[in-house]
file run-v7.csv (CSV, C-alpha atoms)
chain,number,residue,atom,x,y,z
A,1,MET,CA,243.0,-2.1,46.8
A,2,ILE,CA,242.2,0.9,48.9
A,3,ASN,CA,240.1,0.1,52.0
A,4,HIS,CA,237.9,3.1,52.7
A,5,PRO,CA,234.3,3.3,54.0
A,6,THR,CA,233.3,5.9,51.5
A,7,VAL,CA,234.8,3.9,48.6
A,8,ARG,CA,233.0,0.7,49.7
A,9,ARG,CA,229.7,2.6,50.2
A,10,LEU,CA,229.9,4.2,46.7
A,11,CYS,CA,230.8,0.9,45.1
A,12,ALA,CA,227.9,-0.9,46.8
A,13,ALA,CA,225.5,1.9,45.8
A,14,ALA,CA,226.7,1.7,42.2
A,15,ARG,CA,226.3,-2.1,42.1
A,16,ALA,CA,222.8,-1.9,43.8
A,17,GLY,CA,221.6,0.9,41.6
A,18,GLY,CA,222.7,-0.7,38.3
A,19,GLY,CA,220.4,-3.7,38.4
A,20,GLY,CA,216.9,-2.5,39.2
A,21,ALA,CA,214.5,-0.8,36.9
A,22,PRO,CA,213.7,2.9,37.7
A,23,ALA,CA,210.3,3.8,39.1
A,24,PRO,CA,207.8,5.2,36.5
A,25,PRO,CA,208.1,9.0,36.3
A,26,ARG,CA,205.3,11.2,37.6
A,27,PRO,CA,202.8,12.5,35.1
A,28,THR,CA,203.8,15.8,33.5
A,29,ARG,CA,201.5,18.8,33.4
A,30,ARG,CA,201.4,18.4,29.6
A,31,GLY,CA,200.3,14.8,29.9
A,32,GLN,CA,197.7,15.6,32.5
A,33,ALA,CA,196.3,18.4,30.3
A,34,PHE,CA,196.1,16.0,27.4
A,35,ASP,CA,194.2,13.4,29.4
A,36,LEU,CA,191.8,16.1,30.7
A,37,ALA,CA,191.1,17.4,27.2
A,38,LEU,CA,190.6,13.8,26.0
A,39,ALA,CA,188.2,13.0,28.8
A,40,VAL,CA,186.2,16.2,28.2
A,41,PHE,CA,186.0,15.5,24.4
A,42,LEU,CA,184.7,12.0,24.8
A,43,ALA,CA,182.3,13.1,27.5
A,44,SER,CA,180.9,15.8,25.2
A,45,VAL,CA,180.5,13.3,22.3
A,46,SER,CA,178.8,10.8,24.6
A,47,GLY,CA,176.6,13.6,26.0
A,48,ARG,CA,175.6,14.7,22.6
A,49,TYR,CA,174.5,11.1,21.6
A,50,ALA,CA,172.7,10.8,25.0
A,51,SER,CA,170.7,14.0,24.3
A,52,ILE,CA,169.5,12.9,20.8
A,53,ALA,CA,169.1,9.2,21.6
A,54,PRO,CA,165.3,9.4,22.6
A,55,ALA,CA,164.3,11.4,19.5
A,56,LEU,CA,166.6,9.5,17.1
A,57,HIS,CA,165.6,6.0,18.2
A,58,GLY,CA,162.0,6.8,19.2
A,59,HIS,CA,162.0,5.7,22.8
A,60,ALA,CA,161.2,7.5,26.1
A,61,TRP,CA,163.7,9.4,28.2
A,62,HIS,CA,165.6,7.1,30.6
A,63,TRP,CA,167.5,8.1,33.8
A,64,LEU,CA,170.6,6.2,32.6
A,65,LEU,CA,171.1,8.8,29.9
A,66,VAL,CA,172.2,11.2,32.7
A,67,LEU,CA,175.2,9.0,33.5
A,68,VAL,CA,176.4,8.8,29.9
A,69,PRO,CA,178.6,12.0,29.9
A,70,PHE,CA,180.2,11.0,33.1
A,71,VAL,CA,181.5,7.6,31.9
A,72,PRO,CA,184.6,9.0,30.1
A,73,LEU,CA,185.5,11.6,32.8
A,74,PRO,CA,187.7,9.3,34.9
A,75,LEU,CA,190.1,9.2,31.9
A,76,ALA,CA,191.6,12.5,33.2
A,77,LEU,CA,193.4,10.4,35.9
A,78,ARG,CA,194.4,7.4,33.7
A,79,ARG,CA,198.2,8.0,34.2
A,80,ARG,CA,198.0,8.3,38.0
A,81,PHE,CA,195.5,5.6,38.7
A,82,PRO,CA,195.4,3.4,35.5
A,83,LEU,CA,193.6,0.3,37.0
A,84,ALA,CA,191.1,2.3,39.0
A,85,VAL,CA,190.2,4.4,36.0
A,86,LEU,CA,189.6,1.2,33.9
A,87,TRP,CA,187.4,-0.3,36.5
A,88,ALA,CA,185.5,3.0,36.8
A,89,VAL,CA,184.9,3.3,33.1
A,90,LEU,CA,184.1,-0.3,32.2
A,91,PRO,CA,181.1,-0.9,34.5
A,92,GLY,CA,179.6,2.5,33.5
A,93,ALA,CA,180.0,1.7,29.8
A,94,LEU,CA,178.3,-1.7,30.3
A,95,LEU,CA,175.5,0.0,32.3
A,96,VAL,CA,174.5,2.5,29.6
A,97,ARG,CA,175.2,0.5,26.4
A,98,HIS,CA,171.5,-0.4,25.8
A,99,GLN,CA,170.5,3.2,25.4
A,100,SER,CA,171.7,3.4,21.8
A,101,GLU,CA,174.3,2.0,19.5
A,102,ASP,CA,175.9,5.5,19.2
A,103,ILE,CA,176.3,5.6,23.0
A,104,ALA,CA,177.7,2.0,23.0
A,105,TYR,CA,180.4,3.0,20.5
A,106,SER,CA,181.3,6.3,22.2
A,107,VAL,CA,181.7,4.7,25.7
A,108,GLY,CA,183.5,1.8,24.0
A,109,VAL,CA,186.2,4.2,22.8
A,110,ALA,CA,186.5,5.4,26.4
A,111,VAL,CA,187.0,1.7,27.5
A,112,ILE,CA,189.7,1.3,24.8
A,113,VAL,CA,191.6,4.4,26.0
A,114,ALA,CA,191.3,3.2,29.7
A,115,ALA,CA,192.6,-0.2,28.7
A,116,TYR,CA,195.6,1.4,27.0
A,117,GLY,CA,196.3,3.4,30.1
A,118,ALA,CA,196.2,0.3,32.3
A,119,ALA,CA,198.6,-1.5,29.9
A,120,ALA,CA,201.0,1.5,29.6
A,121,TYR,CA,201.0,2.7,33.2
A,122,GLY,CA,200.0,-0.2,35.4
A,123,ARG,CA,202.8,-1.5,37.7
A,124,ARG,CA,201.5,-4.9,38.8
A,125,PRO,CA,201.5,-7.4,36.0
A,126,VAL,CA,198.9,-9.8,37.4
A,127,PRO,CA,196.2,-7.2,38.1
A,128,VAL,CA,196.9,-5.5,34.8
A,129,LEU,CA,196.5,-8.7,32.9
A,130,ALA,CA,193.2,-9.5,34.7
A,131,SER,CA,191.9,-6.0,34.0
A,132,LEU,CA,192.8,-6.2,30.3
A,133,LEU,CA,191.0,-9.6,30.0
A,134,ALA,CA,187.9,-8.0,31.7
A,135,ALA,CA,188.1,-5.0,29.3
A,136,THR,CA,188.3,-7.3,26.3
A,137,ALA,CA,185.2,-9.2,27.4
A,138,GLY,CA,183.5,-5.8,28.0
A,139,LEU,CA,184.3,-4.6,24.5
A,140,VAL,CA,182.9,-7.8,23.0
A,141,VAL,CA,179.6,-7.1,24.9
A,142,LEU,CA,179.6,-3.5,23.9
A,143,PHE,CA,180.3,-4.0,20.1
A,144,GLY,CA,179.1,-7.6,19.7
A,145,ASP,CA,175.4,-7.0,19.0
A,146,ALA,CA,175.6,-3.5,17.8
A,147,LYS,CA,175.5,-2.4,14.2
A,148,LEU,CA,177.8,0.2,12.8
A,149,PRO,CA,176.1,3.5,13.3
A,150,HIS,CA,175.9,6.2,10.6
A,151,PHE,CA,178.2,8.8,12.0
A,152,PRO,CA,178.7,12.2,10.3
A,153,ASN,CA,181.9,12.4,8.3
A,154,GLY,CA,183.5,14.8,10.7
A,155,VAL,CA,182.8,12.5,13.7
A,156,ILE,CA,184.2,9.5,11.7
A,157,ALA,CA,187.4,11.5,10.9
A,158,VAL,CA,187.8,12.4,14.5
A,159,LEU,CA,187.2,8.9,15.8
A,160,VAL,CA,189.8,7.5,13.3
A,161,LEU,CA,192.4,10.2,13.9
A,162,LEU,CA,192.0,10.4,17.7
A,163,PRO,CA,193.6,7.0,18.5
A,164,VAL,CA,196.3,7.6,15.9
A,165,LEU,CA,197.1,11.0,17.6
A,166,ALA,CA,197.0,9.5,21.0
A,167,VAL,CA,199.4,6.7,20.1
A,168,ALA,CA,201.7,9.1,18.4
A,169,TYR,CA,201.7,11.4,21.4
A,170,GLU,CA,202.4,8.5,23.8
A,171,LEU,CA,205.3,7.4,21.7
A,172,ARG,CA,206.7,10.9,21.7
A,173,MET,CA,206.4,11.2,25.4
A,174,TRP,CA,207.9,7.7,25.9
A,175,ARG,CA,211.0,8.7,23.8
A,176,ARG,CA,211.3,11.9,25.8
A,177,ARG,CA,211.1,10.0,29.1
A,178,VAL,CA,213.7,7.5,27.9
A,179,GLU,CA,216.1,10.3,27.0
A,180,GLU,CA,215.6,12.1,30.3
A,181,GLU,CA,216.1,8.9,32.2
A,182,ARG,CA,219.3,8.2,30.2
A,183,GLY,CA,220.5,11.7,31.0
A,184,ARG,CA,219.8,11.3,34.7
A,185,ARG,CA,221.6,8.0,34.8
A,186,SER,CA,224.6,9.5,33.1
A,187,ALA,CA,224.7,12.4,35.5
A,188,LEU,CA,224.4,10.1,38.4
A,189,GLU,CA,227.2,7.9,37.2
A,190,ARG,CA,229.4,10.9,36.7
A,191,GLU,CA,228.7,12.1,40.2
A,192,GLN,CA,229.4,8.7,41.7
A,193,LEU,CA,232.6,8.5,39.7
A,194,ALA,CA,233.7,11.9,40.9
A,195,ALA,CA,232.8,11.1,44.5
A,196,LEU,CA,234.8,7.8,44.2
A,197,GLU,CA,237.8,9.7,42.9
A,198,ARG,CA,237.6,12.2,45.7
A,199,ALA,CA,237.4,9.4,48.3
A,200,VAL,CA,240.4,7.7,46.7
A,201,GLU,CA,242.4,10.9,46.8
A,202,HIS,CA,241.4,11.5,50.5
A,203,GLU,CA,242.4,8.0,51.3
A,204,ARG,CA,245.8,8.3,49.6
A,205,ALA,CA,246.4,11.5,51.5
A,206,ARG,CA,245.6,9.8,54.8
A,207,ILE,CA,247.8,6.9,54.0
A,208,ALA,CA,250.6,9.3,53.0
A,209,ARG,CA,250.3,11.1,56.4
A,210,GLU,CA,250.3,7.8,58.3
A,211,LEU,CA,253.4,6.6,56.5
A,212,HIS,CA,255.1,9.9,57.0
A,213,ASP,CA,254.4,9.8,60.7
A,214,VAL,CA,255.6,6.2,61.1
A,215,VAL,CA,258.7,6.4,58.9
A,216,THR,CA,259.9,9.9,59.8
A,217,HIS,CA,260.0,9.4,63.6
A,218,ASN,CA,261.5,6.0,63.6
A,219,VAL,CA,264.1,6.6,60.9
A,220,SER,CA,265.1,9.9,62.5
A,221,MET,CA,265.6,8.2,65.8
A,222,MET,CA,267.6,5.4,64.1
A,223,THR,CA,269.8,7.9,62.3
A,224,ILE,CA,270.7,9.8,65.4
A,225,GLN,CA,271.3,6.6,67.4
A,226,ALA,CA,273.5,5.1,64.6
A,227,GLY,CA,275.5,8.4,64.4
A,228,ALA,CA,276.0,8.5,68.1
A,229,ALA,CA,277.1,4.8,68.1
A,230,ARG,CA,279.6,5.5,65.4
A,231,LYS,CA,281.2,8.4,67.3
A,232,ILE,CA,281.6,6.5,70.5
A,233,LEU,CA,282.3,3.0,69.1
A,234,ASP,CA,286.0,3.1,70.1
A,235,SER,CA,285.8,5.2,73.2
A,236,ALA,CA,282.7,3.7,74.8
A,237,PRO,CA,281.7,0.4,73.3
A,238,ASP,CA,279.1,-0.4,75.9
A,239,ARG,CA,277.2,2.8,75.2
A,240,ALA,CA,277.6,2.2,71.5
A,241,ARG,CA,276.0,-1.2,71.9
A,242,GLU,CA,273.1,0.4,73.8
A,243,ALA,CA,272.7,2.9,70.9
A,244,MET,CA,272.7,0.1,68.4
A,245,ALA,CA,270.1,-1.8,70.5
A,246,ALA,CA,268.0,1.3,70.4
A,247,VAL,CA,268.4,1.4,66.6
A,248,GLU,CA,267.3,-2.2,66.4
A,249,ALA,CA,264.2,-1.5,68.6
A,250,GLY,CA,263.3,1.5,66.5
A,251,GLY,CA,263.6,-0.5,63.3
A,252,ARG,CA,261.3,-3.2,64.8
A,253,ALA,CA,258.8,-0.6,65.9
A,254,ALA,CA,258.8,0.9,62.4
A,255,MET,CA,258.3,-2.5,60.8
A,256,THR,CA,255.4,-3.3,63.1
A,257,GLU,CA,253.6,-0.1,62.3
A,258,LEU,CA,254.3,-0.4,58.6
A,259,ARG,CA,252.9,-3.9,58.6
A,260,HIS,CA,249.8,-2.6,60.3
A,261,VAL,CA,249.3,0.1,57.7
A,262,MET,CA,250.0,-2.3,54.8
A,263,GLY,CA,247.7,-4.9,56.3
A,264,LEU,CA,244.8,-2.5,56.2
A,265,LEU,CA,245.6,-1.6,52.6
A,266,THR,CA,245.7,-5.3,51.5
A,267,ILE,CA,242.9,-6.8,53.6
A,268,ASP,CA,240.4,-6.6,50.7
A,269,SER,CA,242.8,-8.1,48.2
A,270,THR,CA,243.3,-11.1,50.5
A,271,ALA,CA,239.6,-11.9,50.6
A,272,GLY,CA,240.0,-14.8,48.2
A,273,ASP,CA,242.9,-16.4,50.1
A,274,GLY,CA,241.4,-18.0,53.1
A,275,ASP,CA,240.7,-15.9,56.2
A,276,PRO,CA,242.0,-12.4,55.8
A,277,ALA,CA,241.7,-11.8,59.5
A,278,ALA,CA,244.3,-14.4,60.1
A,279,THR,CA,246.9,-12.9,57.7
A,280,ALA,CA,246.4,-9.1,58.2
A,281,ASP,CA,248.0,-7.3,61.1
A,282,LEU,CA,245.0,-5.9,63.0
A,283,SER,CA,246.9,-4.7,66.1
A,284,PRO,CA,245.5,-1.4,67.5
A,285,GLN,CA,247.0,1.8,66.4
A,286,PRO,CA,249.2,3.6,69.0
A,287,GLY,CA,247.4,5.8,71.5
A,288,LEU,CA,247.9,7.9,74.6
A,289,ASP,CA,248.8,4.7,76.6
A,290,ARG,CA,252.0,4.4,74.5
A,291,LEU,CA,253.3,7.9,75.1
A,292,ASP,CA,255.6,6.5,77.9
A,293,ALA,CA,257.3,4.2,75.4
A,294,LEU,CA,257.5,6.9,72.8
A,295,VAL,CA,259.1,9.3,75.3
A,296,GLU,CA,261.5,6.7,76.5
A,297,GLY,CA,262.6,6.0,73.0
A,298,VAL,CA,263.4,9.6,72.4
A,299,ARG,CA,265.3,9.8,75.7
A,300,GLN,CA,267.5,6.9,74.5
A,301,ALA,CA,268.2,9.1,71.5
A,302,GLY,CA,269.8,11.6,73.8
A,303,LEU,CA,266.9,14.1,74.1
A,304,PRO,CA,265.8,14.8,77.8
A,305,VAL,CA,262.0,14.7,77.8
A,306,GLU,CA,259.6,15.2,80.6
A,307,LEU,CA,256.0,13.8,80.3
A,308,THR,CA,253.2,15.4,82.4
A,309,VAL,CA,249.6,14.2,82.5
A,310,VAL,CA,247.1,16.7,84.0
A,311,GLY,CA,243.5,15.7,84.9
A,312,ALA,CA,241.8,12.4,85.3
A,313,ARG,CA,242.2,10.0,82.4
A,314,ARG,CA,239.0,9.3,80.5
A,315,ALA,CA,237.9,7.2,77.6
A,316,VAL,CA,239.0,8.8,74.3
A,317,PRO,CA,237.9,7.7,70.8
A,318,PRO,CA,240.6,5.7,69.0
A,319,GLY,CA,240.9,8.3,66.2
A,320,VAL,CA,241.5,11.1,68.7
A,321,GLU,CA,244.0,9.1,70.6
A,322,LEU,CA,245.9,8.4,67.4
A,323,ALA,CA,245.9,12.0,66.4
A,324,ALA,CA,247.2,13.1,69.8
A,325,TYR,CA,249.9,10.5,69.7
A,326,ARG,CA,251.0,11.6,66.2
A,327,VAL,CA,251.2,15.2,67.5
A,328,VAL,CA,253.7,14.2,70.2
A,329,GLN,CA,255.6,12.0,67.8
A,330,GLU,CA,255.9,14.6,65.1
A,331,ALA,CA,256.9,17.4,67.6
A,332,LEU,CA,259.5,15.3,69.3
A,333,THR,CA,260.9,14.2,65.9
A,334,ASN,CA,261.2,17.8,64.9
A,335,THR,CA,262.9,18.7,68.2
A,336,VAL,CA,265.5,15.9,67.6
A,337,LYS,CA,266.2,17.1,64.1
A,338,HIS,CA,266.1,20.8,64.6
A,339,ALA,CA,267.1,21.4,68.2
A,340,GLY,CA,269.9,19.1,69.1
A,341,GLY,CA,271.0,19.4,72.8
A,342,ALA,CA,267.7,20.9,73.8
A,343,GLU,CA,265.3,19.7,76.5
A,344,ALA,CA,261.6,18.9,75.8
A,345,ALA,CA,258.4,18.7,77.8
A,346,VAL,CA,255.2,16.9,76.9
A,347,THR,CA,251.9,17.9,78.6
A,348,VAL,CA,248.7,16.0,78.1
A,349,GLU,CA,245.7,17.7,79.8
A,350,TYR,CA,242.3,16.1,80.1
A,351,ALA,CA,240.1,19.2,80.4
A,352,ALA,CA,236.4,19.3,80.8
A,353,ASP,CA,235.6,20.2,77.2
A,354,ARG,CA,238.7,19.3,75.3
A,355,LEU,CA,242.0,17.4,75.2
A,356,ARG,CA,245.1,19.6,75.2
A,357,VAL,CA,248.5,18.2,73.9
A,358,GLU,CA,251.5,20.5,74.1
A,359,VAL,CA,255.1,19.8,73.3
A,360,THR,CA,257.8,22.5,74.0
A,361,ASP,CA,261.5,22.6,73.7
A,362,THR,CA,264.3,24.9,74.9
A,363,GLY,CA,265.9,25.3,71.5
A,364,GLY,CA,269.2,24.0,70.2
A,365,ARG,CA,271.3,23.4,67.1
A,366,PRO,CA,270.0,21.5,64.0
A,367,THR,CA,271.3,18.0,63.6
A,368,GLY,CA,272.2,16.2,60.4
A,369,ALA,CA,268.6,14.9,60.0
A,370,ALA,CA,267.2,18.4,59.8
A,371,ALA,CA,267.8,18.6,56.1
A,372,THR,CA,265.1,16.0,55.5
A,373,GLY,CA,262.3,18.2,56.8
A,374,ASN,CA,259.8,19.6,54.2
A,375,GLY,CA,257.0,20.9,56.4
A,376,ARG,CA,254.5,18.2,55.4
A,377,GLY,CA,254.4,16.7,58.9
A,378,LEU,CA,252.7,19.8,60.5
A,379,LEU,CA,250.4,20.2,57.5
A,380,GLY,CA,249.4,16.5,57.9
A,381,LEU,CA,248.7,17.0,61.6
A,382,ARG,CA,246.5,20.0,60.9
A,383,GLU,CA,244.4,17.9,58.4
A,384,ARG,CA,244.3,15.0,60.9
A,385,LEU,CA,243.1,17.2,63.7
A,386,ALA,CA,240.6,19.0,61.5
A,387,VAL,CA,238.7,15.7,61.1
A,388,TYR,CA,237.8,15.8,64.8
A,389,GLY,CA,237.3,19.6,65.0
A,390,GLY,CA,240.7,20.2,66.5
A,391,THR,CA,243.3,22.9,65.9
A,392,LEU,CA,247.1,23.0,65.9
A,393,HIS,CA,249.1,26.0,67.0
A,394,THR,CA,252.8,26.1,66.3
A,395,GLY,CA,255.5,28.8,66.7
A,396,PRO,CA,258.6,29.9,68.6
A,397,ARG,CA,258.4,30.7,72.3
A,398,LEU,CA,259.3,34.0,73.8
A,399,ARG,CA,261.9,32.5,76.1
A,400,GLY,CA,263.4,30.5,73.2
A,401,GLY,CA,262.6,27.2,71.7
A,402,TYR,CA,259.5,26.0,70.0
A,403,ARG,CA,256.0,25.1,71.0
A,404,VAL,CA,253.5,22.7,69.3
A,405,LYS,CA,250.0,22.8,70.9
A,406,ALA,CA,246.9,20.7,69.8
A,407,LEU,CA,243.4,21.3,71.1
A,408,ILE,CA,240.8,18.6,70.4
A,409,PRO,CA,237.2,19.1,71.6
A,410,TRP,CA,235.5,16.1,73.1
A,411,GLU,CA,232.5,16.7,70.9
A,412,SER,CA,233.1,18.0,67.4
call {"tool": "encode", "arguments": {"input": "run-v7.csv", "output": "structure tokens"}}
result
Amino acid sequence: MINHPTVRRLCAAARAGGGGAPAPPRPTRRGQAFDLALAVFLASVSGRYASIAPALHGHAWHWLLVLVPFVPLPLALRRRFPLAVLWAVLPGALLVRHQSEDIAYSVGVAVIVAAYGAAAYGRRPVPVLASLLAATAGLVVLFGDAKLPHFPNGVIAVLVLLPVLAVAYELRMWRRRVEEERGRRSALEREQLAALERAVEHERARIARELHDVVTHNVSMMTIQAGAARKILDSAPDRAREAMAAVEAGGRAAMTELRHVMGLLTIDSTAGDGDPAATADLSPQPGLDRLDALVEGVRQAGLPVELTVVGARRAVPPGVELAAYRVVQEALTNTVKHAGGAEAAVTVEYAADRLRVEVTDTGGRPTGAAATGNGRGLLGLRERLAVYGGTLHTGPRLRGGYRVKALIPWES
């Protein structure tokens, strides 16, 4: 299993996002316009009955008739504040119900619409249930003692068709919201999958670079040492034994670093087998403190190397230390393969604003290991340094030989 922070973060987000219900969508402009038109229509109907109530029922004008047209108006906000609208409409309807049966029925319709809005758009189940029970009791009071009024045929048709149209409109909007939500979820899943695939590809490239740096250097050193030991086995057996000891040391170093890389790759897969920390190799990656050992190993391979450190040592992030170490490792490996018999110099400068790592050689003849080069090492170094805002400059020197220079800023 690939152990990468981006991969783990995306997987966790996918698992967390898959279980919860999405938040209700914000009211659309079309829905708000519909609610406003419905509120104005019911207000006009109620206002009309309020205006004719004294003459029709033979009683004096009452100040409560002024409030009748305002009872349905809060319905314009029923999607945004469903419970508040219900509790604004219900007391007003109960307050004006005695003025006439026509008014009681007209404001009753407003209570029904408000109750539907509370049931459809309310987010808290307990307050919604309590509000619907209160609305049911209010409707019983509104319609319980009233007789069916004699509405004109046009008004009856409107009162019958209006709830049907409202329900049909709500169902259509609900289907549209479901389709939009489904489309958003599909797009989000596709984006997460694409990001996951990119993270996996980046991790594979990083692992490939790491393995290249580990294997190329150590195997090149071992090849050269073994070749030298073979040539001097008969004439200088003591030196041949030293060369073979260097081959053994290089093999052990390669195995140590390979176990470290493979331990990081398999740490997640061992989660179910006891304590993974006890089985995975979590030794630190090589850094600038191991340059002396690296240079000494190259010297044993027959390449004279001089290491110079300029400036006061300072704390360096582990990733930057590893990148600098790999620059020296790759440059010296290329020198051994492509410039046999040359001399090399390694300079590490702790400047005020950056870390400079430079490896130069005096040039020489290619060795038998030169045929294995494919240019991926330098390309991998550029990608590794780019993560920290660093740059890599490579090329021949005017006085002969080759130069590899890396500049890594302290703050990228």
call {"tool": "closest_residue", "arguments": {"input": "run-v7.csv", "among": "A:Tyr325, A:Val320, A:Pro82, A:Ala406", "to": "Leu288 (chain A)", "atoms": "only C-alpha atoms"}}
result
A:Tyr325
call {"tool": "residues_around", "arguments": {"input": "run-v7.csv", "residues": "region 224-237 of chain A", "least_positions_apart": "4", "cutoff": "7 Å", "atoms": "all atoms listed in the file", "output": "list in words"}}
result
Ser220, Arg241, Ala243, Met244, Ala246, Val247 and Ala301 of chain A
call {"tool": "closest_atom_pairs", "arguments": {"input": "run-v7.csv", "of": "region 295-321 of chain A", "to": "region 388-395 of chain A", "cutoff": "12 Å", "atoms": "all atoms listed in the file", "output": "Markdown table"}}
result
| residue | atom | partner | partner_atom | distance |
| --- | --- | --- | --- | --- |
| A:Val316 | CA | A:Tyr388 | CA | 11.9 |
| A:Pro317 | CA | A:Tyr388 | CA | 10.1 |
| A:Pro318 | CA | A:Tyr388 | CA | 11.3 |
| A:Gly319 | CA | A:Tyr388 | CA | 8.2 |
| A:Val320 | CA | A:Tyr388 | CA | 7.1 |
| A:Glu321 | CA | A:Tyr388 | CA | 10.8 |
call {"tool": "atom_distance", "arguments": {"input": "run-v7.csv", "atom1": "CA of Ala84 (chain A)", "atom2": "CA of Glu181 (chain A)"}}
result
26.7 Å
call {"tool": "atom_distance", "arguments": {"input": "run-v7.csv", "atom1": "CA of Leu132 (chain A)", "atom2": "CA of Val89 (chain A)"}}
result
12.7 Å
call {"tool": "atom_distance", "arguments": {"input": "run-v7.csv", "atom1": "CA of Arg177 (chain A)", "atom2": "CA of Leu77 (chain A)"}}
result
19.0 Å
call {"tool": "closest_residue", "arguments": {"input": "run-v7.csv", "among": "A:Leu95, A:Met221, A:Leu303, A:Ile408", "to": "Arg354 (chain A)", "atoms": "all atoms listed in the file"}}
result
A:Ile408
call {"tool": "residues_around", "arguments": {"input": "run-v7.csv", "residues": "Leu42 (chain A)", "least_positions_apart": "6", "cutoff": "8 Å", "atoms": "only C-alpha atoms", "output": "PyMOL selection string"}}
result
chain A and resi 69+72+106-107+110
call {"tool": "closest_residue", "arguments": {"input": "run-v7.csv", "among": "A:Pro74, A:Arg48, A:Gly363, A:Ala351", "to": "Ala339 (chain A)", "atoms": "only C-alpha atoms"}}
result
A:Gly363
call {"tool": "residues_around", "arguments": {"input": "run-v7.csv", "residues": "Gln32 (chain A)", "least_positions_apart": "3", "cutoff": "8 Å", "atoms": "all atoms listed in the file", "output": "JSON, numbers by chain"}}
result
{"A": [27, 28, 29, 35, 36, 76, 77, 79]}
call {"tool": "closest_residue", "arguments": {"input": "run-v7.csv", "among": "A:Gly117, A:Gly183, A:Gly311, A:Gly92", "to": "Tyr350 (chain A)", "atoms": "all atoms listed in the file"}}
result
A:Gly311
call {"tool": "closest_residue", "arguments": {"input": "run-v7.csv", "among": "A:Val404, A:Ala93, A:Leu379, A:Met255", "to": "Gln329 (chain A)", "atoms": "all atoms listed in the file"}}
result
A:Val404
call {"tool": "closest_residue", "arguments": {"input": "run-v7.csv", "among": "A:Gly251, A:Gly302, A:Gly108, A:Gly364", "to": "Ala342 (chain A)", "atoms": "all atoms listed in the file"}}
result
A:Gly364
call {"tool": "build_atoms", "arguments": {"input": "run-v7.csv", "residues": "region 238-251 of chain A", "atoms": "N, CA and C atoms", "output": "compact mmCIF listing (two decimals), in the coordinates of the input"}}
result
# COMPACT_ATOMS: atom_id res chain seq x y z
N ASP A 238 280.34 0.02 75.26
CA ASP A 238 279.10 -0.40 75.90
C ASP A 238 277.95 0.56 75.57
N ARG A 239 278.23 1.86 75.59
CA ARG A 239 277.20 2.80 75.20
C ARG A 239 276.88 2.70 73.71
N ALA A 240 277.86 2.36 72.91
CA ALA A 240 277.60 2.20 71.50
C ALA A 240 276.68 0.99 71.26
N ARG A 241 276.91 -0.09 72.05
CA ARG A 241 276.00 -1.20 71.90
C ARG A 241 274.59 -0.87 72.33
N GLU A 242 274.45 -0.05 73.38
CA GLU A 242 273.10 0.40 73.80
C GLU A 242 272.44 1.22 72.68
N ALA A 243 273.24 2.06 72.04
CA ALA A 243 272.70 2.90 70.90
C ALA A 243 272.25 1.98 69.78
N MET A 244 273.06 0.98 69.47
CA MET A 244 272.70 0.10 68.40
C MET A 244 271.46 -0.74 68.73
N ALA A 245 271.33 -1.12 70.03
CA ALA A 245 270.10 -1.80 70.50
C ALA A 245 268.89 -0.92 70.29
N ALA A 246 269.08 0.38 70.58
CA ALA A 246 268.00 1.30 70.40
C ALA A 246 267.64 1.42 68.88
N VAL A 247 268.67 1.40 68.02
CA VAL A 247 268.40 1.40 66.60
C VAL A 247 267.60 0.18 66.17
N GLU A 248 267.99 -0.97 66.70
CA GLU A 248 267.30 -2.20 66.40
C GLU A 248 265.81 -2.11 66.86
N ALA A 249 265.61 -1.61 68.10
CA ALA A 249 264.20 -1.50 68.60
C ALA A 249 263.42 -0.53 67.78
N GLY A 250 264.05 0.60 67.37
CA GLY A 250 263.30 1.50 66.50
C GLY A 250 262.95 0.93 65.18
N GLY A 251 263.87 0.14 64.60
CA GLY A 251 263.60 -0.50 63.30
C GLY A 251 262.42 -1.51 63.47
